[in-house]
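Everything on this sheet refers to the single structure shown next.
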Amino acid sequence: MHAKDPPVNAEISLHSDVAALLGARIGFDAETLGPSFLEAVVERAVRESGAEDERSWWQAVEGGGRLWQQLVDLVVVSETWMFRDPAACEHLGRVLVQRRERAGRRPLRILSCPCSTGEEPYTVAITLLQAGLSPEDFAIDAVDVSARAVAQAEQGRIGRHSFRGGATPQPGFFEPDAGTSSWVVSPHARGSIRFKVGNLVSGDGLPRTDGFDLILCRNLLIYLLPQARVAVLERLAGMLRPDGLLIVGNAEAGVLVQAGFRIEGRPDWFAFHLPGPVRPLPPPPTTPASARATTERPAAVAYGGALQVRVDSMPPRRSASSQPSRLSLEQIRARADAGDTQAALTECRRYLDESPQSVAAYLLFAALHAASGDLAATQGSLRRALYVDPDCVEALMHLAAILSDRGDGSAANRLRARVARLAAAVEDSQS
Ligand SMILES: C[S@@+](CC[C@H](N)C(=O)[O-])C[C@H]1O[C@@H](n2cnc3c(N)ncnc32)[C@H](O)[C@@H]1O
């Protein structure tokens, strides 16, 4: 250690102070990405800040402003892509055309929060235009806490990496961005979207209305602390019209059921409405430290109750020939988020070799195969997840989406009916 290096305890305290501040202000659960991720973020943030030392960096971060925003931009997971859930898009078009007919002269109001770099609101706008609506028929507010992501979204430039799993830039909605491998969203598809920086936990920057017909809040709850999840759901409930619909990510359906939302439109697609106040969520099950060290914290584990993805109780099996797994699932996920899908696949395969009962690893394996366009392997991984845990909502929903995409609507509906039965069982047990 150099004479100028801060004592180890001071570093630990800085990291936990940063984690606590992120938790309080944006609801971020630092454990979802692992301690080494936060350490790397803090190191980079301090290095790039131009601050004299960690102490002055921390003071500036606490004060809000540029360095706080820079920290947020570094810590958030902005992973998103176009037409992320093709089956949901199809139904979204149909359902919103019907709602538009009932709405009279009023344009439909839609909130996409978090919108990340814009792929989600652009997907919704294009879906509605393709379904026959005109730009004046709807208005989309697109909000995210990351100023960097919102600035990128406003440019309407979509990278090649954002077209995955067979999605293509349709003519009429995209033009090639000269000299790059990106595409630019046409003015026609951009006109109804208003981008803004805003925070769903504190409420700062959010549109002040209770008039949204549809809110998409996909793939945020999985990164939040339990108390922040409740705050976000209460805020969203207050922004929805009484007949408004809320759509969350496949892995997040369980938490909505726990909070008292009801599934609407089953069996062939899932959105939620709220018949009463948001219910407090049950406390997350505690995982012994020994189990954490050997397994992982699957994104859905903090849901609690019957719809949760289970934490695997079996210790990793280590064969003589297999290499010890060096990466946790969080680290593998972070590697994939950084764009190295092939390395993430290799590490995940190794992980499963050692922990063949890991539902969370099969789900991650499926997501990685989906990202690399291998549909058969995606399905195979989801089926293995269901073999270990037949009630795994995330696997059921993903498999249903794939099956309906491939035209097997009745098989997809059978899986969704299974989810609906599980949801009803949870509702019964809570009423
Ligand atoms: C994984 S992306 C999801 C994007 C998109 N909804 C999707 O599913 O493709 C998560 C986004 O949540 C944003 N986020 C995190 N905390 C937030 C908060 N408190 N309020 C608003 N956005 C937040 C991040 O900046 C990030 O862009």
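In the structure tokens, chains take letters A, B, ... by order of appearance, with residues numbered from 1 within each chain and ligands from 1 in the order shown.
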* **Contacts of ligand 1, 6 Å or closer, only C-alpha atoms and all ligand atoms, given as a ChimeraX atom specification** => /A:26-27,76-81,114-116,120,144-146,198-201,217-220
* Nearby residues (only C-alpha atoms) at most 6 Å from Asp141 of chain A, same-chain spacing under 3 positions excluded, as a list in words -> Leu111, Ile193 and Arg194 of chain A
Export of the given selection (N, CA and C atoms) as a PDB file, in the first residue's frame:
ATOM      1  N   LEU A 111     -47.201   6.268 -20.579  1.00  0.00           N
ATOM      2  CA  LEU A 111     -45.928   6.571 -19.905  1.00  0.00           C
ATOM      3  C   LEU A 111     -44.994   5.374 -20.084  1.00  0.00           C
ATOM      4  N   ILE A 193     -43.599  11.472 -28.974  1.00  0.00           N
ATOM      5  CA  ILE A 193     -42.863  11.109 -27.748  1.00  0.00           C
ATOM      6  C   ILE A 193     -42.170  12.338 -27.155  1.00  0.00           C
ATOM      7  N   ARG A 194     -42.332  12.496 -25.838  1.00  0.00           N
ATOM      8  CA  ARG A 194     -41.629  13.578 -25.133  1.00  0.00           C
ATOM      9  C   ARG A 194     -40.702  12.939 -24.102  1.00  0.00           C
TER      10      ARG A 194
END
* Asked: Which neighbours of Phe163 of chain A fall inside 12 Å, counting only C-alpha atoms, when residues of the same chain fewer than 3 positions from it are skipped, and could you give them as a PyMOL selection string?
  -> chain A and resi 80-86+119-120+123+158-160+166-170+174+181-183+370-373
* To do: Would you list the contacts of segment 13-21 of chain A as a PyMOL selection string, taking every protein, DNA or RNA residue within 12 Å and counting only C-alpha atoms, but skipping same-chain residues closer than 3 positions in sequence?
  => chain A and resi 6-10+24-43+45-46+54-59+61-64+68+71-72+75+224-225
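Near segment 252-264 of chain A, within a cut-off of 7 Å and counting only C-alpha atoms, sit the residues Leu221, Ile222, Val248, Gly249, Asn250, Arg266, Phe270, Ala271, Phe272, His273, Leu274, Pro275, Val278, Arg279, Pro280, Leu281, Tyr303, Leu307, Gln308 and Ala423 of chain A, with same-chain residues fewer than 2 positions away left out.
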Those same residues - C-alpha atoms - I'd like them written as an mmCIF file, in the first residue's frame.
data_model
loop_
_atom_site.group_PDB
_atom_site.id
_atom_site.type_symbol
_atom_site.label_atom_id
_atom_site.label_comp_id
_atom_site.auth_asym_id
_atom_site.auth_seq_id
_atom_site.Cartn_x
_atom_site.Cartn_y
_atom_site.Cartn_z
ATOM 1 C CA LEU A 221 -38.466 -3.321 -10.116
ATOM 2 C CA ILE A 222 -35.910 -6.153 -10.281
ATOM 3 C CA VAL A 248 -44.039 -4.783 -16.192
ATOM 4 C CA GLY A 249 -41.261 -7.166 -17.224
ATOM 5 C CA ASN A 250 -41.948 -10.896 -17.325
ATOM 6 C CA ARG A 266 -55.680 -13.394 -19.630
ATOM 7 C CA PHE A 270 -50.664 -9.877 -19.430
ATOM 8 C CA ALA A 271 -51.280 -6.378 -18.243
ATOM 9 C CA PHE A 272 -52.369 -5.338 -14.751
ATOM 10 C CA HIS A 273 -54.964 -3.048 -13.244
ATOM 11 C CA LEU A 274 -55.372 -2.048 -9.615
ATOM 12 C CA PRO A 275 -58.777 -2.521 -7.992
ATOM 13 C CA VAL A 278 -51.333 -0.997 -3.205
ATOM 14 C CA ARG A 279 -50.763 -3.713 -0.587
ATOM 15 C CA PRO A 280 -47.524 -3.814 1.399
ATOM 16 C CA LEU A 281 -45.163 -6.459 0.075
ATOM 17 C CA TYR A 303 -40.614 -11.077 -4.348
ATOM 18 C CA LEU A 307 -44.493 -16.647 -7.251
ATOM 19 C CA GLN A 308 -40.879 -16.174 -6.370
ATOM 20 C CA ALA A 423 -51.609 -15.702 -9.403
#
* Structure fact -> Shortest contact to His369 of chain A, candidates A:Ala125, A:Ala334, A:Cys348, A:Val197, atoms counted only C-alpha atoms, goes to A:Cys348
* Asked: What is the distance between atom CA of Ala149 of chain A and atom CA of Gly118 of chain A, in Å to one decimal?
  -> 7.8 Å
Which residues of segment 65-158 of chain A come within 10 Å of segment 227-242 of chain A, and what is each one's closest atom pair and distance in Å (one decimal), counting only C-alpha atoms, sorted by chain and residue number, as a Markdown table?
| residue | atom | partner | partner_atom | distance |
| --- | --- | --- | --- | --- |
| A:Arg109 | CA | A:Arg241 | CA | 9.6 |
| A:Ile110 | CA | A:Leu240 | CA | 9.5 |
| A:Leu111 | CA | A:Met239 | CA | 9.2 |
| A:Cys113 | CA | A:Leu236 | CA | 9.6 |
